[in-house]
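Asks: Let me give you the structure first, and then I'll get to my questions.
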Amino acid sequence: GVDGDERIWATADDGSGPSIWLLLAAWRRAASIVVVDLELDSEAKLELLDRLRPAAVWFSDDEYGMLGSSVVPPWVDLRSIRRALVDTEETEGASSFVAAFGAALVPVFALDELGVVAGWPAGHEGQADATTAHPTPGVQVAVVGGDGTELPPGEVGDVAVRSDAPTLFSGYAGREGRSRSAGWFRFGWRGAWTAEGTLRIESRSTGEVEPVGASVDLPAPELADEPVPEEHVAAEPEPAALGWRARRGAERARREEERAAE
């Protein structure tokens with residue numbers, strides 16, 4: 001929801017999943033990320049927000065609560081903030097922030113193994129609430145029962161993600177790096193589809209999540225005909241892949257061949 005030349009201020013730890021997702025998203029949109037390596041009180045942070053004019057912020061719930069309960073100086077104008085992102089079930093502080101400054105509370109469902117699974121696209125902030133989100137394009141999501149069949153809207157079950165999702169961590173790919181296109185993973189979430197086609201999360205596992213394979217009874221997408229692979233011919237290793245003695249010998253042989261050709 002941040003356009004080119006706009007800013008987002010986030011306080012995610014450097015190197016964490018959220019910081020990497022944010023870096024890639026801002027890079028793609030030509031947006032700017034604000035990183036503030038300072039310990040600021042609420043008044044100083046409000047004044048810095050007024051000067052930076054971010055279109056979106058992504059703080060912890062405690063940080064949201066601190067700002068939402070602060071006395072705002074009359075010269076501080078935070079109307080530039082359209083979106084206040086949250087990625088946990090704790091939204092009390094974020095709710096006070098959006099009530100104080102008129103931003104929209106925008107939930108993000110994300111996992112370290114997959115990145116952002118669901119969120120709210122730009123222009124729909126006013127419809128967002130803290131428990132539902134739209135699946136991210138390219139990430140196929142299903143809500144399944146104990147027997148592995150998809151459940152109709154309104155019924156709560158396990159949230160499963162198809163294993164050929166383009167953002168899935170490569171460590172879960174099949175042999176030879178080929179994605180297991182027929183597989184599904186359950187990540188410990190419980191949820192349901194709404195009648196409007198959004199994903200509602202009832203509960204999320206806490207702590208470390210170990211993906212569990214699932215056999216989801218859904219029709220597989222039709223696959224395009226793949227070209228017949230050409231006959232593979234083993235190639236000689238490049239000199240750079242050899243030891244220094246072998247590289248020197250290969251270089252000498254190459255020069256001799258060049259002289260013979262002349």
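Chain labels A, B, ... are given in the sequence in which chains occur in the structure tokens; within each chain residues are numbered consecutively from 1, and ligands are likewise numbered from 1 in the order shown.
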Could you list, as a PyMOL selection string, every residue within 12 Å of Ser95 in chain A, counting only C-alpha atoms and ignoring same-chain residues fewer than 2 positions away?
Replies: chain A and resi 60-69+83-86+89-93+97-107+129-130
Asks: I need the residues from that last selection saved to file as an mmCIF file, in the first residue's frame (with C-alpha atoms), if you can.
Replies:
```cif
data_model
loop_
_atom_site.group_PDB
_atom_site.id
_atom_site.type_symbol
_atom_site.label_atom_id
_atom_site.label_comp_id
_atom_site.auth_asym_id
_atom_site.auth_seq_id
_atom_site.Cartn_x
_atom_site.Cartn_y
_atom_site.Cartn_z
ATOM 1 C CA SER A 60 5.020 -3.170 17.698
ATOM 2 C CA ASP A 61 1.724 -3.044 19.566
ATOM 3 C CA ASP A 62 3.458 -1.464 22.575
ATOM 4 C CA GLU A 63 4.886 1.274 20.352
ATOM 5 C CA TYR A 64 1.478 1.900 18.817
ATOM 6 C CA GLY A 65 -0.070 2.093 22.281
ATOM 7 C CA MET A 66 2.555 4.561 23.511
ATOM 8 C CA LEU A 67 1.917 6.887 20.566
ATOM 9 C CA GLY A 68 -1.866 6.472 20.669
ATOM 10 C CA SER A 69 -2.016 7.553 24.316
ATOM 11 C CA ARG A 83 -1.929 2.398 7.016
ATOM 12 C CA ALA A 84 -0.834 1.014 10.383
ATOM 13 C CA LEU A 85 0.393 -2.547 9.804
ATOM 14 C CA VAL A 86 0.029 -5.286 12.404
ATOM 15 C CA GLU A 89 -2.989 -11.011 17.342
ATOM 16 C CA GLU A 90 -2.253 -8.167 19.776
ATOM 17 C CA THR A 91 -3.931 -5.053 18.391
ATOM 18 C CA GLU A 92 -5.021 -3.077 21.454
ATOM 19 C CA GLY A 93 -2.212 -0.538 21.076
ATOM 20 C CA PHE A 97 -3.182 4.564 17.392
ATOM 21 C CA VAL A 98 -5.619 4.412 14.468
ATOM 22 C CA ALA A 99 -8.358 5.948 16.605
ATOM 23 C CA ALA A 100 -6.084 8.851 17.529
ATOM 24 C CA PHE A 101 -4.655 9.569 14.077
ATOM 25 C CA GLY A 102 -7.236 8.340 11.581
ATOM 26 C CA ALA A 103 -5.068 5.672 9.939
ATOM 27 C CA ALA A 104 -6.448 2.281 8.909
ATOM 28 C CA LEU A 105 -5.537 -0.857 10.840
ATOM 29 C CA VAL A 106 -4.134 -3.232 8.209
ATOM 30 C CA PRO A 107 -3.346 -6.832 9.228
ATOM 31 C CA ASP A 129 -10.105 -5.480 10.201
ATOM 32 C CA ALA A 130 -7.641 -7.198 12.504
#
```
Asks: Per residue of range 104-213 of chain A within 12 Å of range 22-28 of chain A, what are the shortest atom pair and its distance in Å to one decimal, counting only C-alpha atoms, with rows by chain and residue number, as a Markdown table?
Replies:
```
| residue | atom | partner | partner_atom | distance |
| --- | --- | --- | --- | --- |
| A:Val108 | CA | A:Leu22 | CA | 11.6 |
| A:Ala110 | CA | A:Leu22 | CA | 11.6 |
| A:Gly115 | CA | A:Leu22 | CA | 9.7 |
| A:Val116 | CA | A:Leu22 | CA | 9.7 |
| A:Thr167 | CA | A:Leu24 | CA | 11.6 |
```
Asks: Measuring between only C-alpha atoms, which one of A:Gly119, A:Gly183, A:Pro135, A:Gly126 shows the shortest distance to Arg162 in chain A?
Replies: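 Using only C-alpha atoms, the shortest distance to Arg162 in chain A belongs to A:Gly183.
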Asks: Tell me which of A:Lys45, A:Arg7, A:Arg190, A:Arg259 sits closest to Ser80 in chain A, counting only C-alpha atoms.
Replies: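 Closest residue, counting only C-alpha atoms: A:Arg7.
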Asks: Among range 7-206 of chain A, which residues does DSSP mark as alpha helix (DSSP H) when it is run on the backbone? Keep the chain and numbering as in the structure and answer as a PyMOL selection string.
Replies: chain A and resi 17-29+42-52+61-68+92-101
Asks: Which residues, written as JSON, numbers by chain, have at least one atom at most 12 Å from Pro54 in chain A, with only C-alpha atoms counted and residues fewer than 2 positions away on the same chain left out?
Replies: {"A": [1, 2, 3, 4, 5, 6, 7, 8, 9, 10, 31, 32, 33, 34, 35, 46, 48, 49, 50, 51, 52, 56, 57, 58, 77, 78, 79, 80, 81, 82, 83, 84, 103]}
Asks: Leaving out Asp158 in chain A and any residue of its chain fewer than 4 positions from it, which residues lie within 10 Å of it when counting only C-alpha atoms, given as a ChimeraX atom specification?
Replies: /A:142-146,148,150-151,185-192,201-203,214
Asks: Take the residues from that selection and write them out as a compact mmCIF listing (two decimals), in the first residue's frame, keeping C-alpha atoms.
Replies:
```txt
# COMPACT_ATOMS: atom_id res chain seq x y z
CA ALA A 142 -6.86 -23.70 1.41
CA VAL A 143 -8.82 -24.30 4.61
CA VAL A 144 -9.10 -28.04 5.18
CA GLY A 145 -10.66 -30.43 7.65
CA GLY A 146 -9.10 -33.41 9.36
CA GLY A 148 -7.80 -33.27 4.02
CA GLU A 150 -11.47 -28.29 1.55
CA LEU A 151 -14.06 -26.75 3.85
CA PHE A 185 1.88 -27.58 4.10
CA ARG A 186 -0.01 -26.86 7.30
CA PHE A 187 1.69 -24.17 9.38
CA GLY A 188 -0.29 -24.47 12.59
CA TRP A 189 -2.90 -21.84 11.78
CA ARG A 190 -6.65 -22.26 12.23
CA GLY A 191 -9.00 -20.20 10.10
CA ALA A 192 -11.92 -20.01 7.69
CA ILE A 201 -7.53 -16.37 11.10
CA GLU A 202 -8.88 -17.79 14.36
CA SER A 203 -5.54 -18.73 15.93
CA ALA A 214 -1.04 -32.33 4.16
```
Asks: In Å, with one decimal, what is the gap from CA of Thr149 in chain A to CA of Ala165 in chain A?
Replies: 19.5 Å
Asks: Under the rule that only C-alpha atoms are counted, which of A:Glu47, A:His124, A:Thr88, A:Pro166 is the nearest residue to Ser205 in chain A?
Replies: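 When distances to Ser205 in chain A are compared using only C-alpha atoms, the smallest one comes from A:Thr88.
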